[in-house]
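Worksheet for the structure shown next.
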There are 2 protein chains.
Amino acid sequence: MLYGGIEAGGTKMVCAVMDDEGKIIDRVSFPTLGKDETLKNMVDYFKGFEIASLGIASFGPIDLNKSSDKYGCILRTPKEGWENVSFVEPFKELGVPIGIDTDVNGAILGEVVYGSAKGCESAIYITIGTGIGVGLYINGGLAHGLMHPEAGHILMTKHPEDKYDGCCKFHKNCFEGLACGPSIQKRWGKPAVELYNESIVWEIESYYIAQAVADYCLCYSPEKVVLWGGVMHQDGLYDMIREKVADILNGYIPLPKDYIIPPSLGEDTGVIGAALIGKALI
Amino acid sequence: MLYGGIEAGGTKMVCAVMDDEGKIIDRVSFPTLGKDETLKNMVDYFKGFEIASLGIASFGPIDLNKSSDKYGCILRTPKEGWENVSFVEPFKELGVPIGIDTDVNGAILGEVVYGSAKGCESAIYITIGTGIGVGLYINGGLAHGLMHPEAGHILMTKHPEDKYDGCCKFHKNCFEGLACGPSIQKRWGKPAVELYNESIVWEIESYYIAQAVADYCLCYSPEKVVLWGGVMHQDGLYDMIREKVADILNGYIPLPKDYIIPPSLGEDTGVIGAALIGKALI
C-alpha cells in the first residue's frame with residue numbers, strides 16, 4: 001500500500017508518497033504561495049497515486065481538537081492569507097482518511113518508527129531554527145492536550161554574560177526567545193553561520209539548550225532526545241550540550257549512552273512522519 | 001465488584017476498598033514500620049474482602065519497568081529497610097491482578113475519574129510538601145518514560161531577594177530544592193505554618209510555584225492543573241499563583257477559568273487513585 005504525506009511549512013510544502021517499508025517512492029516540493037494555488041497543486045499531485053491515507057505535519061499553531069469547527073485549521077500565522085485555512089477540507093476529494101498533527105510531532109513519529117529513536121515508547125524531538133518546537137511521543141502515542149504543548153517557550157535562567165532581552169514578544173526569558181536562530185542574529189548582529197568561530201556565542205547557546213533539555217528530561221523522562229534544526233549544524237554543539245546537561249542533572253537521572261542525538265532520516269523525517277500520521281488511521 | 005487500593009507512604013500505609021461507584025467502603029491505616037510486619041498487616045487486611053484487583057500508589061522512586069527484575073520495587077529511600085523491597089510479590093497470594101504506579105500518578109488518576117479534573121484527557125497533579133512530585137495523565141493514560149518523570153526538579157530562576165541555596169542535594173536551583181516544605185523551614189528558620197503572616201515568604205514561594213506551573217502548562221498543555229500538598233494550605237496562595245502564572249504566560253496560552261485548582265476528593269484521592277490503578281487491569 002501507499003501512503004501520502006505532506007510536510008507543510010511556511011516556505012514550502014513537501015509532498016511525498018511512502019510505501020509499506022517507510023521508503024519514499026516519490027517526492028515533490030511546492031513553494032507556499034497563495035492558499036488556493038498551493039492547495040490545488042498538492043491535491044493534483046496526490047491524484048496521481050493510489051494512496052490509502054493522507055497525513056499532514058504542519059507548521060502552526062493548528063487546531064487539533066476533533067470536535068472543533070476549526071479542526072485542521074491554521075490558527076495564527078504571519079503567513080498572509082493562511083490564517084484559518086483548513087488543511088483537511090481541500091483533500092477530502094481524495095476519498096481517503098486524513099490525519100493532521102504538528103510538524104514536530106510528525107518528526108518524532110518518523111524517528112520513532114524508522115529513525116534514531118526506533119522502538120522507543122517515549123521520545124522527544126526538539127527543533128531549534130526559526131522557532132523552537134518540541135514533538136512528543138509519550139506512552140506509545142503522539143501527545144497533545146488543551147491545545148498543543150508549546151514547550152519551546154519554557155523559562156530560562158539568563159546566562160550571566162548575556163545582555164540580550166530575547167526576541168519572543170510574549171516572554172522576556174523563554175527558550176525560543178533566547179536561543180532560536182533569529183535571536184542569535186539579533187544578539188550578535190550576524191547570522192549563526194558567520195559566528196562559528198566565536199566561542200562565547202556557542203557557550204551561551206549551549207547554556208540555554210542544555211537547560212531546556214534538562215527540563216524536558218525531568219518533565220517527560222524520554223528514552224531518546226532527538227535534537228535538530230538549523231542552529232544544530234555548528235560543530236561540537238552536541239557535545240557541549242551533552243556535557244552541560246550532565247552537569248545540570250548532576251547524576252540525579254542516569255543518562256544512557258547515545259541519549260541526545262540527531263535524527264537519522266535526514267530531510268525525509270518530516271514527510272515520513274506525515275505519511276505515518278495518515279497511515280495510523282487505517 | 002470491589003477493588004483494593006494502597007496509598008503507600010514513608011509514614012503510613014493507607015489501605016482501602018472501593019466499590020464500582022468510586023466510594024470507599026472500608027479504610028484502614030498502618031504505620032510504616034519494618035517491611036515484614038507492615039506488608040503482613042496489609043495482606044491480612046485485604047484477605048477480609050473479596051477484591052477483584054489491587055492497586056498500589058507508592059512513594060518512590062519505584063521501578064515501573066515491567067520487564068525489569070525489580071518491577072514494583074522501591075529503588076532509593078532514606079526509609080530504613082525498604083530499599084529494593086517489592087510491593088508486588090507479597091500481595092500475589094491474594095490471587096488478583098496487581099497494578100503499581102507512583103503516588104502522584106495515583107492522585108491524578110483519582111481526580112480525573114472522580115474528582116476536580118473529571119473527564120479530562122490530559123491533566124497534571126502537583127504536590128508540594130516534604131518533596132515535590134508531579135503526576136501525569138496524558139492522552140487518556142498515566143505517563144511514565146525511561147524511569148518516571150521527576151518534574152519536581154525542573155530549573156528555576158532565583159527570586160532576586162532569595163539568598164537561600166535550596167535544599168536539593170543534586171541541584172542548586174531546582175523547584176523542589178527551593179519550594180518544598182523543608183526548604184521554607186531552612187530558609188526562614190521556622191516551619192511554613194508559623195510564617196503565615198510574613199508576606200515575603202509567600203511572595204517567594206508563589207514566585208517559584210508559578211514558574212513551575214507555567215513550564216508545566218507549556219510542556220504538557222494540561223486541561224487542568226490540580227495543585228496540592230502541605231504547603232498549599234496557606235490562605236490566598238492559589239490566587240497569588242494564578243496571577244503570577246498569567247503574568248508569566250502573558251496571553252501566549254489562553255488559560256480557561258478554574259484552571260489551577262485543589263483536588264476535590266480530599267484525603268481519599270490517594271487510595272481512590274490506587275484502587276483505580278488496579279481496576280484498570282481487569
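Residues in the C-alpha cells are named by chain (A, B, ... in the order shown) and by number from 1 within that chain; ligands are numbered from 1 in the order shown.
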Distance filter 7 Å, only C-alpha atoms, chain A against chain B, as a tab-separated table (two decimals) with all heavy atoms, in the first residue's frame:
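File written: selection.tsv
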```
chain	number	residue	atom	x	y	z
A	122	SER	N	8.72	6.32	24.55
A	122	SER	CA	8.66	7.74	24.88
A	122	SER	C	9.91	8.41	24.32
A	122	SER	O	11.02	7.99	24.63
A	122	SER	CB	8.65	7.95	26.40
A	122	SER	OG	7.50	7.39	26.98
A	138	ILE	N	4.67	9.94	23.71
A	138	ILE	CA	4.58	9.53	25.12
A	138	ILE	C	3.69	8.31	25.23
A	138	ILE	O	2.59	8.29	24.65
A	138	ILE	CB	4.02	10.69	25.98
A	138	ILE	CG1	5.01	11.87	25.96
A	138	ILE	CG2	3.76	10.23	27.41
A	138	ILE	CD1	4.59	13.05	26.80
A	139	ASN	N	4.15	7.30	25.97
A	139	ASN	CA	3.34	6.08	26.15
A	139	ASN	C	2.90	5.50	24.81
A	139	ASN	O	1.76	5.06	24.67
A	139	ASN	CB	2.07	6.38	26.95
A	139	ASN	CG	2.32	6.42	28.44
A	139	ASN	OD1	3.46	6.28	28.88
A	139	ASN	ND2	1.27	6.64	29.20
A	143	ALA	N	1.49	13.15	21.72
A	143	ALA	CA	0.77	13.83	22.80
A	143	ALA	C	0.29	15.21	22.39
A	143	ALA	O	1.00	15.95	21.72
A	143	ALA	CB	1.65	13.93	24.03
A	144	HIS	N	-0.93	15.51	22.80
A	144	HIS	CA	-1.49	16.84	22.60
A	144	HIS	C	-1.91	17.38	23.95
A	144	HIS	O	-1.24	17.20	24.92
A	144	HIS	CB	-2.68	16.77	21.63
A	144	HIS	CG	-2.32	16.13	20.36
A	144	HIS	ND1	-2.75	14.89	19.98
A	144	HIS	CD2	-1.49	16.54	19.38
A	144	HIS	CE1	-2.23	14.57	18.81
A	144	HIS	NE2	-1.46	15.56	18.43
A	145	GLY	N	-3.06	17.98	24.03
A	145	GLY	CA	-3.52	18.49	25.32
A	145	GLY	C	-4.58	19.52	25.06
A	145	GLY	O	-5.31	19.43	24.08
A	146	LEU	N	-4.64	20.47	25.94
A	146	LEU	CA	-5.64	21.53	25.85
A	146	LEU	C	-5.58	22.19	24.47
A	146	LEU	O	-6.58	22.40	23.82
A	146	LEU	CB	-5.35	22.55	26.94
A	146	LEU	CG	-6.27	23.75	27.03
A	146	LEU	CD1	-7.68	23.33	27.36
A	146	LEU	CD2	-5.76	24.72	28.08
A	147	MET	N	-4.41	22.58	24.03
A	147	MET	CA	-4.22	22.95	22.63
A	147	MET	C	-3.10	22.04	22.17
A	147	MET	O	-3.30	20.87	22.06
A	147	MET	CB	-3.94	24.43	22.41
A	147	MET	CG	-3.13	25.13	23.49
A	147	MET	SD	-2.96	26.90	23.13
A	147	MET	CE	-1.74	26.84	21.79
A	148	HIS	N	-1.92	22.53	21.90
A	148	HIS	CA	-0.83	21.57	21.88
A	148	HIS	C	0.31	22.17	22.66
A	148	HIS	O	0.43	23.39	22.78
A	148	HIS	CB	-0.41	21.13	20.48
A	148	HIS	CG	-0.32	22.23	19.49
A	148	HIS	ND1	0.72	23.09	19.48
A	148	HIS	CD2	-1.14	22.61	18.51
A	148	HIS	CE1	0.52	23.95	18.49
A	148	HIS	NE2	-0.60	23.69	17.89
A	149	PRO	N	1.16	21.32	23.23
A	149	PRO	CA	2.22	21.85	24.07
A	149	PRO	C	3.10	22.84	23.30
A	149	PRO	O	3.31	22.70	22.11
A	149	PRO	CB	3.00	20.59	24.45
A	149	PRO	CG	1.99	19.50	24.37
A	149	PRO	CD	1.15	19.86	23.19
A	150	GLU	N	3.52	23.85	24.01
A	150	GLU	CA	4.36	24.88	23.42
A	150	GLU	C	5.64	24.91	24.23
A	150	GLU	O	6.05	25.94	24.75
A	150	GLU	CB	3.64	26.23	23.47
A	150	GLU	CG	2.46	26.31	22.54
A	150	GLU	CD	2.87	26.42	21.06
A	150	GLU	OE1	4.07	26.64	20.78
A	150	GLU	OE2	1.99	26.28	20.20
A	151	ALA	N	6.27	23.73	24.30
A	151	ALA	CA	7.39	23.56	25.21
A	151	ALA	C	8.61	24.39	24.80
A	151	ALA	O	9.55	24.54	25.56
A	151	ALA	CB	7.75	22.08	25.32
A	153	HIS	N	8.66	27.42	24.72
A	153	HIS	CA	8.61	28.69	25.46
A	153	HIS	C	8.88	28.54	26.95
A	153	HIS	O	8.59	29.47	27.72
A	153	HIS	CB	7.26	29.38	25.23
A	153	HIS	CG	7.12	29.93	23.84
A	153	HIS	ND1	7.35	31.25	23.53
A	153	HIS	CD2	6.83	29.32	22.67
A	153	HIS	CE1	7.17	31.43	22.23
A	153	HIS	NE2	6.85	30.27	21.68
A	154	ILE	N	9.44	27.42	27.40
A	154	ILE	CA	9.71	27.29	28.84
A	154	ILE	C	10.74	28.33	29.29
A	154	ILE	O	11.52	28.86	28.49
A	154	ILE	CB	10.19	25.88	29.24
A	154	ILE	CG1	11.48	25.48	28.52
A	154	ILE	CG2	9.09	24.85	29.00
A	154	ILE	CD1	12.13	24.24	29.11
A	155	LEU	N	10.74	28.58	30.60
A	155	LEU	CA	11.54	29.67	31.17
A	155	LEU	C	13.00	29.31	31.34
A	155	LEU	O	13.33	28.18	31.71
A	155	LEU	CB	10.94	30.06	32.52
A	155	LEU	CG	9.44	30.40	32.49
A	155	LEU	CD1	8.91	30.59	33.91
A	155	LEU	CD2	9.20	31.64	31.65
A	156	MET	N	13.86	30.26	31.09
A	156	MET	CA	15.31	30.08	31.22
A	156	MET	C	15.88	30.97	32.31
A	156	MET	O	15.34	32.05	32.57
A	156	MET	CB	16.00	30.53	29.92
A	156	MET	CG	15.64	29.74	28.68
A	156	MET	SD	16.58	28.19	28.57
A	156	MET	CE	15.28	27.02	28.97
A	157	THR	N	16.97	30.53	32.91
A	157	THR	CA	17.77	31.43	33.73
A	157	THR	C	18.80	32.07	32.80
A	157	THR	O	19.48	31.36	32.04
A	157	THR	CB	18.49	30.64	34.85
A	157	THR	OG1	17.48	30.14	35.74
A	157	THR	CG2	19.43	31.55	35.63
A	170	PHE	N	6.19	37.56	23.68
A	170	PHE	CA	5.37	37.26	24.86
A	170	PHE	C	6.20	37.19	26.15
A	170	PHE	O	5.75	37.59	27.20
A	170	PHE	CB	4.64	35.92	24.68
A	170	PHE	CG	3.57	35.96	23.63
A	170	PHE	CD1	3.84	35.59	22.32
A	170	PHE	CD2	2.30	36.40	23.94
A	170	PHE	CE1	2.86	35.64	21.34
A	170	PHE	CE2	1.31	36.45	22.98
A	170	PHE	CZ	1.58	36.07	21.67
A	215	ASP	N	15.32	20.21	31.55
A	215	ASP	CA	13.91	20.32	31.98
A	215	ASP	C	13.03	19.31	31.25
A	215	ASP	O	12.15	18.70	31.86
A	215	ASP	CB	13.38	21.75	31.74
A	215	ASP	CG	13.68	22.69	32.91
A	215	ASP	OD1	14.19	22.22	33.95
A	215	ASP	OD2	13.40	23.89	32.79
A	218	LEU	N	13.47	15.91	32.73
A	218	LEU	CA	12.77	15.81	34.00
A	218	LEU	C	11.26	15.74	33.80
A	218	LEU	O	10.56	15.01	34.51
A	218	LEU	CB	13.13	17.02	34.89
A	218	LEU	CG	14.58	17.02	35.39
A	218	LEU	CD1	15.01	18.42	35.82
A	218	LEU	CD2	14.78	16.04	36.53
A	219	CYS	N	10.75	16.48	32.83
A	219	CYS	CA	9.30	16.52	32.63
A	219	CYS	C	8.76	15.29	31.90
A	219	CYS	O	7.67	14.83	32.20
A	219	CYS	CB	8.91	17.77	31.84
A	219	CYS	SG	8.86	19.25	32.86
A	220	TYR	N	9.51	14.80	30.92
A	220	TYR	CA	8.96	13.73	30.06
A	220	TYR	C	9.63	12.38	30.26
A	220	TYR	O	9.12	11.37	29.80
A	220	TYR	CB	9.12	14.10	28.57
A	220	TYR	CG	8.51	15.41	28.17
A	220	TYR	CD1	9.27	16.41	27.59
A	220	TYR	CD2	7.14	15.65	28.36
A	220	TYR	CE1	8.71	17.61	27.18
A	220	TYR	CE2	6.57	16.85	27.97
A	220	TYR	CZ	7.37	17.82	27.37
A	220	TYR	OH	6.81	19.01	26.98
A	221	SER	N	10.82	12.36	30.86
A	221	SER	CA	11.55	11.11	31.01
A	221	SER	C	11.63	10.33	29.69
A	221	SER	O	11.30	9.15	29.63
A	221	SER	CB	10.87	10.26	32.09
A	221	SER	OG	11.72	9.26	32.56
A	222	PRO	N	12.07	10.99	28.61
A	222	PRO	CA	12.11	10.30	27.30
A	222	PRO	C	13.23	9.28	27.25
A	222	PRO	O	14.22	9.39	27.97
A	222	PRO	CB	12.39	11.44	26.32
A	222	PRO	CG	13.17	12.44	27.13
A	222	PRO	CD	12.63	12.35	28.53
A	223	GLU	N	13.06	8.28	26.39
A	223	GLU	CA	14.14	7.31	26.18
A	223	GLU	C	15.21	7.88	25.25
A	223	GLU	O	16.36	7.46	25.30
A	223	GLU	CB	13.58	6.02	25.59
A	223	GLU	CG	12.70	5.26	26.59
A	223	GLU	CD	11.85	4.22	25.87
A	223	GLU	OE1	12.40	3.30	25.27
A	223	GLU	OE2	10.60	4.36	25.91
A	250	ASN	N	23.41	16.35	37.28
A	250	ASN	CA	24.30	16.00	38.38
A	250	ASN	C	24.05	14.59	38.93
A	250	ASN	O	24.01	14.38	40.14
A	250	ASN	CB	24.16	17.07	39.48
A	250	ASN	CG	25.25	16.98	40.53
A	250	ASN	OD1	26.34	16.47	40.25
A	250	ASN	ND2	24.97	17.46	41.72
A	252	TYR	N	21.35	12.89	39.01
A	252	TYR	CA	20.00	12.62	39.53
A	252	TYR	C	19.25	11.65	38.63
A	252	TYR	O	18.53	10.77	39.09
A	252	TYR	CB	19.22	13.93	39.69
A	252	TYR	CG	17.88	13.72	40.33
A	252	TYR	CD1	17.80	13.45	41.70
A	252	TYR	CD2	16.72	13.75	39.59
A	252	TYR	CE1	16.58	13.23	42.30
A	252	TYR	CE2	15.49	13.53	40.19
A	252	TYR	CZ	15.43	13.27	41.55
A	252	TYR	OH	14.22	13.04	42.13
```
Name the residues of stretch 30-257 of chain A that come out as helix (DSSP H, G or I) in a backbone DSSP run; write them as an NGL selection string. :A and (35-47 or 89-94 or 103-114 or 151-153 or 175-179 or 181-188 or 192-195 or 199-220 or 230-233 or 237-249)
Name all residues at most 8 Å from B:Val17 (count only C-alpha atoms; drop same-chain ones fewer than 2 positions away) and give them as a ChimeraX atom specification. /B:2-5,15,19,24-27,49,51,275
Which residues are close to stretch 189-201 of chain A, i.e. within 12 Å by only C-alpha atoms, leaving aside same-chain residues fewer than 2 positions away? Reply as a VMD selection string. chain A and resid 128 to 130 159 to 162 164 178 to 187 203 to 208 230 to 237 240
Emit the selected residues as an mmCIF file, in the first residue's frame, including C-alpha atoms.
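Ended up saving to out-v3.cif:
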```cif
data_model
loop_
_atom_site.group_PDB
_atom_site.id
_atom_site.type_symbol
_atom_site.label_atom_id
_atom_site.label_comp_id
_atom_site.auth_asym_id
_atom_site.auth_seq_id
_atom_site.Cartn_x
_atom_site.Cartn_y
_atom_site.Cartn_z
ATOM 1 C CA ILE A 128 15.939 24.804 17.001
ATOM 2 C CA GLY A 129 15.690 27.001 13.930
ATOM 3 C CA THR A 130 13.499 29.998 13.060
ATOM 4 C CA HIS A 159 23.464 33.470 31.212
ATOM 5 C CA PRO A 160 25.429 35.958 33.359
ATOM 6 C CA GLU A 161 27.164 37.379 30.262
ATOM 7 C CA ASP A 162 24.032 37.607 28.128
ATOM 8 C CA TYR A 164 20.139 40.355 25.231
ATOM 9 C CA LEU A 178 16.828 33.404 23.800
ATOM 10 C CA ALA A 179 18.032 30.511 21.623
ATOM 11 C CA CYS A 180 16.255 30.372 18.234
ATOM 12 C CA GLY A 181 18.149 31.291 15.072
ATOM 13 C CA PRO A 182 16.792 34.863 14.834
ATOM 14 C CA SER A 183 17.749 35.522 18.475
ATOM 15 C CA ILE A 184 21.368 34.661 17.649
ATOM 16 C CA GLN A 185 21.307 37.045 14.712
ATOM 17 C CA LYS A 186 19.730 39.843 16.780
ATOM 18 C CA ARG A 187 22.054 39.346 19.771
ATOM 19 C CA GLU A 203 28.772 28.886 25.191
ATOM 20 C CA ILE A 204 25.595 30.937 25.624
ATOM 21 C CA GLU A 205 23.626 28.945 23.032
ATOM 22 C CA SER A 206 24.523 25.602 24.611
ATOM 23 C CA TYR A 207 23.808 27.036 28.072
ATOM 24 C CA TYR A 208 20.180 27.638 27.088
ATOM 25 C CA GLY A 230 19.368 24.936 11.541
ATOM 26 C CA VAL A 231 21.192 26.032 14.690
ATOM 27 C CA MET A 232 22.400 22.460 15.363
ATOM 28 C CA HIS A 233 24.779 22.491 12.384
ATOM 29 C CA GLN A 234 27.505 24.143 14.496
ATOM 30 C CA ASP A 235 30.480 21.813 15.005
ATOM 31 C CA GLY A 236 30.812 20.456 18.525
ATOM 32 C CA LEU A 237 27.456 21.817 19.703
ATOM 33 C CA MET A 240 28.736 20.978 24.562
#
```
Who sits within 12 Å of B:Val104, only C-alpha atoms, same chain under 4 positions skipped, as a ChimeraX atom specification: /B:7-9,56-61,100,108-111,123-128,131-137,142-144,148-152,226-229,263,269-271,273-274,277
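Coordinates place atom CA of A:Arg242 at a distance of 28.1 Å from atom CA of B:Ser67.
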Could you check how far atom CA of A:Pro97 sits from atom CA of A:Ser29, in Å to one decimal? 22.1 Å
I need the residues in stretch 24-224 of chain A that are strand (DSSP E or B) according to DSSP; give them as a CSV table (one decimal) with N, CA, C and O atoms, in the first residue's frame.
```csv
chain,number,residue,atom,x,y,z
A,24,ILE,N,10.4,6.4,0.7
A,24,ILE,CA,9.8,7.5,0.0
A,24,ILE,C,10.0,7.1,-1.5
A,24,ILE,O,11.1,7.1,-2.0
A,25,ILE,N,8.8,6.8,-2.2
A,25,ILE,CA,9.0,6.4,-3.6
A,25,ILE,C,8.8,7.6,-4.6
A,25,ILE,O,9.2,7.5,-5.7
A,26,ASP,N,8.2,8.7,-4.1
A,26,ASP,CA,8.1,9.9,-4.9
A,26,ASP,C,8.0,11.1,-4.0
A,26,ASP,O,7.4,11.0,-2.9
A,27,ARG,N,8.5,12.2,-4.5
A,27,ARG,CA,8.6,13.4,-3.6
A,27,ARG,C,8.6,14.6,-4.5
A,27,ARG,O,9.3,14.7,-5.5
A,28,VAL,N,7.9,15.7,-4.0
A,28,VAL,CA,7.9,16.9,-4.8
A,28,VAL,C,7.8,18.1,-3.7
A,28,VAL,O,7.3,17.8,-2.6
A,29,SER,N,8.2,19.3,-4.1
A,29,SER,CA,8.1,20.4,-3.2
A,29,SER,C,7.5,21.6,-3.9
A,29,SER,O,7.9,21.9,-5.0
A,30,PHE,N,6.4,22.1,-3.3
A,30,PHE,CA,5.8,23.3,-3.9
A,30,PHE,C,6.1,24.5,-3.0
A,30,PHE,O,6.0,24.4,-1.7
A,31,PRO,N,6.4,25.7,-3.6
A,31,PRO,CA,6.5,26.9,-2.7
A,31,PRO,C,5.2,27.2,-2.1
A,31,PRO,O,4.1,27.0,-2.7
A,51,ILE,N,-3.1,6.4,-3.2
A,51,ILE,CA,-2.8,6.4,-1.8
A,51,ILE,C,-3.9,5.9,-0.9
A,51,ILE,O,-5.1,6.0,-1.3
A,52,ALA,N,-3.6,5.2,0.2
A,52,ALA,CA,-4.6,4.7,1.1
A,52,ALA,C,-4.9,5.6,2.2
A,52,ALA,O,-6.0,5.5,2.9
A,53,SER,N,-4.1,6.6,2.5
A,53,SER,CA,-4.3,7.6,3.5
A,53,SER,C,-3.5,8.8,3.2
A,53,SER,O,-2.5,8.8,2.4
A,54,LEU,N,-3.8,9.9,3.9
A,54,LEU,CA,-3.0,11.1,3.8
A,54,LEU,C,-2.7,11.7,5.2
A,54,LEU,O,-3.7,11.8,6.0
A,55,GLY,N,-1.5,12.0,5.4
A,55,GLY,CA,-1.1,12.6,6.7
A,55,GLY,C,-0.5,14.0,6.5
A,55,GLY,O,0.3,14.1,5.5
A,56,ILE,N,-0.8,14.9,7.3
A,56,ILE,CA,-0.2,16.3,7.2
A,56,ILE,C,0.5,16.6,8.5
A,56,ILE,O,-0.1,16.5,9.6
A,57,ALA,N,1.8,17.0,8.4
A,57,ALA,CA,2.5,17.5,9.6
A,57,ALA,C,2.8,19.0,9.3
A,57,ALA,O,3.5,19.3,8.4
A,58,SER,N,2.1,19.8,10.1
A,58,SER,CA,2.0,21.2,9.7
A,58,SER,C,2.7,22.2,10.6
A,58,SER,O,2.8,22.0,11.8
A,62,ILE,N,-2.0,24.9,15.0
A,62,ILE,CA,-3.1,24.4,14.3
A,62,ILE,C,-4.1,23.9,15.3
A,62,ILE,O,-3.8,23.5,16.4
A,73,CYS,N,-7.4,23.5,11.0
A,73,CYS,CA,-7.1,24.9,10.5
A,73,CYS,C,-5.8,25.5,11.2
A,73,CYS,O,-5.5,25.2,12.4
A,74,ILE,N,-5.1,26.3,10.4
A,74,ILE,CA,-4.0,27.1,11.0
A,74,ILE,C,-4.6,28.2,11.7
A,74,ILE,O,-5.5,28.9,11.2
A,86,SER,N,-8.2,25.7,6.3
A,86,SER,CA,-8.3,24.3,6.6
A,86,SER,C,-7.3,23.4,5.8
A,86,SER,O,-7.3,23.6,4.6
A,98,ILE,N,-7.8,11.2,6.5
A,98,ILE,CA,-6.8,12.3,6.5
A,98,ILE,C,-6.5,12.5,8.0
A,98,ILE,O,-7.4,12.8,8.8
A,99,GLY,N,-5.2,12.5,8.3
A,99,GLY,CA,-4.7,12.8,9.7
A,99,GLY,C,-3.9,14.1,9.7
A,99,GLY,O,-3.2,14.4,8.7
A,100,ILE,N,-3.9,14.9,10.7
A,100,ILE,CA,-3.1,16.1,10.8
A,100,ILE,C,-2.5,16.2,12.2
A,100,ILE,O,-3.1,15.8,13.2
A,101,ASP,N,-1.3,16.7,12.3
A,101,ASP,CA,-0.7,16.9,13.5
A,101,ASP,C,0.4,18.0,13.3
A,101,ASP,O,0.5,18.5,12.2
A,102,THR,N,1.1,18.4,14.4
A,102,THR,CA,2.1,19.4,14.2
A,102,THR,C,3.4,18.8,13.5
A,102,THR,O,3.6,17.6,13.5
A,123,ALA,N,9.7,9.4,23.5
A,123,ALA,CA,10.9,10.1,23.0
A,123,ALA,C,10.4,11.5,22.6
A,123,ALA,O,9.2,11.8,22.4
A,124,ILE,N,11.4,12.5,22.5
A,124,ILE,CA,11.0,13.8,22.1
A,124,ILE,C,11.9,14.3,21.0
A,124,ILE,O,13.0,13.8,20.8
A,125,TYR,N,11.4,15.2,20.2
A,125,TYR,CA,12.1,15.8,19.0
A,125,TYR,C,12.1,17.3,19.3
A,125,TYR,O,11.0,17.9,19.4
A,126,ILE,N,13.3,17.9,19.4
A,126,ILE,CA,13.4,19.3,19.6
A,126,ILE,C,14.0,19.9,18.3
A,126,ILE,O,15.1,19.5,17.9
A,127,THR,N,13.3,20.9,17.7
A,127,THR,CA,13.9,21.6,16.6
A,127,THR,C,14.3,23.1,17.0
A,127,THR,O,13.4,23.8,17.5
A,128,ILE,N,15.5,23.4,16.7
A,128,ILE,CA,15.9,24.8,17.0
A,128,ILE,C,16.3,25.5,15.7
A,128,ILE,O,17.4,25.2,15.1
A,132,ILE,N,11.4,27.5,17.9
A,132,ILE,CA,11.8,26.2,18.7
A,132,ILE,C,10.5,25.5,18.9
A,132,ILE,O,9.5,26.0,19.4
A,133,GLY,N,10.5,24.2,18.5
A,133,GLY,CA,9.3,23.4,18.7
A,133,GLY,C,9.7,22.0,19.3
A,133,GLY,O,10.9,21.6,19.2
A,134,VAL,N,8.8,21.4,20.0
A,134,VAL,CA,9.1,20.1,20.6
A,134,VAL,C,8.0,19.1,20.3
A,134,VAL,O,6.8,19.4,20.5
A,135,GLY,N,8.3,18.0,19.7
A,135,GLY,CA,7.4,16.9,19.3
A,135,GLY,C,7.4,15.9,20.4
A,135,GLY,O,8.5,15.5,20.9
A,136,LEU,N,6.3,15.4,20.8
A,136,LEU,CA,6.2,14.5,22.0
A,136,LEU,C,5.6,13.1,21.6
A,136,LEU,O,4.4,13.1,21.1
A,137,TYR,N,6.3,12.1,21.9
A,137,TYR,CA,5.8,10.8,21.7
A,137,TYR,C,5.8,10.2,23.1
A,137,TYR,O,6.9,10.0,23.7
A,138,ILE,N,4.7,9.9,23.7
A,138,ILE,CA,4.6,9.5,25.1
A,138,ILE,C,3.7,8.3,25.2
A,138,ILE,O,2.6,8.3,24.7
A,141,GLY,N,2.3,7.0,21.9
A,141,GLY,CA,1.4,7.8,21.1
A,141,GLY,C,1.9,9.3,21.1
A,141,GLY,O,2.6,9.7,21.9
A,142,LEU,N,1.4,10.0,20.0
A,142,LEU,CA,1.7,11.5,20.0
A,142,LEU,C,0.9,12.2,21.0
A,142,LEU,O,-0.3,11.9,21.2
A,155,LEU,N,10.7,28.6,30.6
A,155,LEU,CA,11.5,29.7,31.2
A,155,LEU,C,13.0,29.3,31.3
A,155,LEU,O,13.3,28.2,31.7
A,174,CYS,N,12.2,33.3,27.7
A,174,CYS,CA,11.9,32.0,27.3
A,174,CYS,C,12.9,31.4,26.4
A,174,CYS,O,13.7,32.1,25.8
A,224,LYS,N,14.8,8.8,24.4
A,224,LYS,CA,15.8,9.5,23.5
A,224,LYS,C,15.4,10.9,23.3
A,224,LYS,O,14.2,11.2,23.3
```
